[in-house]
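Heads up, the thing below is written out as structure tokens.
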Amino acid sequence: MRFFLRDCINERPITSRSLEPVYHIKGDNFERAYREHLSNFKDWVKDGEGQHADKWILHWQNVGRRMSIDETSMSRGDLHTFLTNKEGKGQKGTIAAMIEGTDSKEIIEVLMKLPQEVRDKVEEITMDFSESMHTIATSCFPKARITIDLFHLIRLALGDLQDYRVNLKREAKKAETAERKKHKQRLAKNVSKRKEDKTDTRGRKPERANAAYKPFVYEETGDTLCELLTRSRYLLNYTRDEWTARQKKRAELLFRLYPKLEAAYNLVHRLRMIFKNHKLTKETAKPRLEEWCKDAESCGVDEFQATVDTIREREDEVLNYFVNFETNASAESFNAKIKHFRAQLRGVSDEMFFRYRLCELYG
């Protein structure tokens, strides 16, 4: 039975405690037995790659033609750089390198330990906009084509759109604060007038001295202007066909009040549609992307300038997406697996053993 349970631990990212209700064992005791006796963890630490696993681990046999590079947290927010093979599909044979930190100099020094012929095998590397990852890829894999991840590009444009919405909300909040101030001043003025002549009953009934300020509420959604801008946060991240009926009402009102925000939303959608068109090639996509940049600059939303500048600076690497339509989704998925495994452990108390488990599962 213990060898069967050992194989379960070796082959799946599960904890010993998760086996308790099924096999009626004490999880902590079995984990201790697995660590000390059933696994080769001690030999791995003493004579294997565990000698330097606290700094770096290399699995050169997992280096292939299509790679991804990204950083993820191992424990307590401490970042590690992972070089992963897309062909591994998040299973055995995925991890090619696991290196402590994100310092490009240190990571390059470790990756240069890989033989030249192994590094020359890499034909394409996908990544986000990180400058350190870019430096690592160009230094260690000079023959590889660098492809910027599509989803990070869309996220960058959506971030600019959300910044514009936040700025609009800030202006609306200032206007509401000014109206509240005027309301208090008007009440104070009315009170002083009533004190001067208490016998005058002409005109409408005076407001109470402590009457609360009531901002204007739009009947379509029941929101004030600030609430409308706040509650529109998530709908701006989705396409129109993904909106619910309530979101459609809110968007209709929002875009009627802020036509420039609708133009900005449509620009992000256009950018998304360019990359969804798999009939485009690198050459045919280039003029469309350049046209998008010109329209983004002329739309009057200054927040888009960050996305435009980034695209123009890394245009060739962004357009490399249209060569094989590769994204960095495999790296993001692998990061999620590590986070889920870490969550099952409820925190990593023994980092060396955690690295050993990762190598056994994905190395």
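Labels for the structure tokens follow display order: chains A, B, ..., residues from 1 in each chain, ligands from 1.
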
Query raised in the report: Can you list, as JSON, numbers by chain, every protein, DNA or RNA residue that comes within 9 Å of range 280-284 of chain A when you count only C-alpha atoms, leaving out same-chain residues fewer than 3 positions away?
Result: {"A": [274, 275, 277, 287, 288, 316, 319, 320, 321, 322, 323]}

Resulting file, chosen residues, all heavy atoms, as a compact mmCIF listing (two decimals), in the first residue's frame:
```
# COMPACT_ATOMS: atom_id res chain seq x y z
N ILE A 274 -7.86 42.15 -34.46
CA ILE A 274 -6.69 41.99 -35.32
C ILE A 274 -5.97 40.68 -34.99
O ILE A 274 -5.60 39.91 -35.89
CB ILE A 274 -5.73 43.19 -35.16
CG1 ILE A 274 -6.34 44.45 -35.77
CG2 ILE A 274 -4.38 42.91 -35.83
CD1 ILE A 274 -5.54 45.72 -35.50
N PHE A 275 -5.81 40.40 -33.73
CA PHE A 275 -5.07 39.21 -33.31
C PHE A 275 -5.93 37.95 -33.35
O PHE A 275 -5.40 36.84 -33.30
CB PHE A 275 -4.48 39.41 -31.91
CG PHE A 275 -3.31 40.35 -31.91
CD1 PHE A 275 -3.48 41.70 -31.73
CD2 PHE A 275 -2.03 39.87 -32.12
CE1 PHE A 275 -2.40 42.57 -31.73
CE2 PHE A 275 -0.94 40.72 -32.13
CZ PHE A 275 -1.12 42.08 -31.94
N ASN A 277 -7.75 37.28 -35.94
CA ASN A 277 -7.82 36.93 -37.36
C ASN A 277 -6.61 36.08 -37.75
O ASN A 277 -5.51 36.58 -37.99
CB ASN A 277 -7.85 38.22 -38.20
CG ASN A 277 -8.11 37.94 -39.67
OD1 ASN A 277 -8.12 36.78 -40.12
ND2 ASN A 277 -8.33 38.98 -40.44
N PRO A 287 0.45 46.63 -41.43
CA PRO A 287 -0.27 47.90 -41.71
C PRO A 287 -1.51 48.08 -40.84
O PRO A 287 -1.86 49.21 -40.47
CB PRO A 287 -0.63 47.79 -43.19
CG PRO A 287 -0.52 46.35 -43.53
CD PRO A 287 0.53 45.80 -42.63
N ARG A 288 -2.20 46.99 -40.48
CA ARG A 288 -3.38 47.10 -39.62
C ARG A 288 -2.99 47.57 -38.22
O ARG A 288 -3.68 48.38 -37.60
CB ARG A 288 -4.11 45.76 -39.54
CG ARG A 288 -4.70 45.30 -40.85
CD ARG A 288 -5.72 44.22 -40.63
NE ARG A 288 -6.27 43.73 -41.89
CZ ARG A 288 -7.34 42.94 -41.98
NH1 ARG A 288 -7.96 42.56 -40.87
NH2 ARG A 288 -7.78 42.54 -43.15
N ASP A 316 8.18 44.31 -34.03
CA ASP A 316 8.56 43.07 -34.70
C ASP A 316 8.23 41.86 -33.84
O ASP A 316 7.73 40.84 -34.34
CB ASP A 316 10.05 43.09 -35.04
CG ASP A 316 10.46 41.90 -35.88
OD1 ASP A 316 9.98 41.78 -37.03
OD2 ASP A 316 11.24 41.06 -35.38
N LEU A 319 4.49 41.31 -33.75
CA LEU A 319 4.01 40.73 -35.00
C LEU A 319 4.46 39.28 -35.19
O LEU A 319 3.89 38.57 -36.02
CB LEU A 319 4.49 41.57 -36.18
CG LEU A 319 3.82 42.95 -36.33
CD1 LEU A 319 4.54 43.79 -37.37
CD2 LEU A 319 2.35 42.80 -36.70
N ASN A 320 5.45 38.84 -34.44
CA ASN A 320 5.88 37.44 -34.53
C ASN A 320 4.77 36.47 -34.13
O ASN A 320 4.83 35.27 -34.43
CB ASN A 320 7.10 37.21 -33.65
CG ASN A 320 8.38 37.68 -34.30
OD1 ASN A 320 8.45 37.85 -35.53
ND2 ASN A 320 9.41 37.92 -33.50
N TYR A 321 3.76 36.99 -33.45
CA TYR A 321 2.60 36.15 -33.10
C TYR A 321 1.98 35.54 -34.36
O TYR A 321 1.49 34.40 -34.32
CB TYR A 321 1.57 36.99 -32.35
CG TYR A 321 0.21 36.34 -32.24
CD1 TYR A 321 -0.02 35.33 -31.31
CD2 TYR A 321 -0.84 36.71 -33.07
CE1 TYR A 321 -1.26 34.71 -31.21
CE2 TYR A 321 -2.08 36.11 -32.98
CZ TYR A 321 -2.29 35.12 -32.06
OH TYR A 321 -3.51 34.51 -31.96
N PHE A 322 1.99 36.28 -35.48
CA PHE A 322 1.33 35.83 -36.70
C PHE A 322 2.15 34.80 -37.47
O PHE A 322 1.70 34.33 -38.51
CB PHE A 322 1.01 37.03 -37.59
CG PHE A 322 -0.01 37.96 -37.00
CD1 PHE A 322 0.40 39.09 -36.30
CD2 PHE A 322 -1.36 37.69 -37.10
CE1 PHE A 322 -0.54 39.95 -35.74
CE2 PHE A 322 -2.30 38.53 -36.54
CZ PHE A 322 -1.88 39.66 -35.85
N VAL A 323 3.33 34.44 -36.96
CA VAL A 323 4.12 33.39 -37.62
C VAL A 323 3.54 32.02 -37.29
O VAL A 323 3.21 31.23 -38.18
CB VAL A 323 5.60 33.48 -37.19
CG1 VAL A 323 6.40 32.35 -37.83
CG2 VAL A 323 6.19 34.84 -37.58
```

Requested in this report: List every residue of range 98-333 of chain A that DSSP, applied to the backbone of this structure, places in strand (DSSP E), and write the result as an MDAnalysis selection string.
Outcome: chainID A and resid 98:100 124:127 145:148

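For the set A:Arg165, A:Lys55, A:Arg357, A:Lys286, the residue with the smallest atom-to-atom gap to Leu228 in chain A is A:Arg165, counting only C-alpha atoms.
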
Report task. Compile the contact shell of range 235-248 of chain A as a count of residues only: residues with an atom at most 12 Å away, counting only C-alpha atoms, same-chain residues fewer than 6 positions apart removed. Result -> 32

Query raised in the report: Which of these residues is nearest to Gln91 in chain A, using only C-alpha atoms: A:Asn62, A:Thr230, A:Ser75, A:Ser18?
Result: A:Asn62

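CA of Glu11 in chain A is positioned 28.7 Å from CA of Lys113 in chain A.
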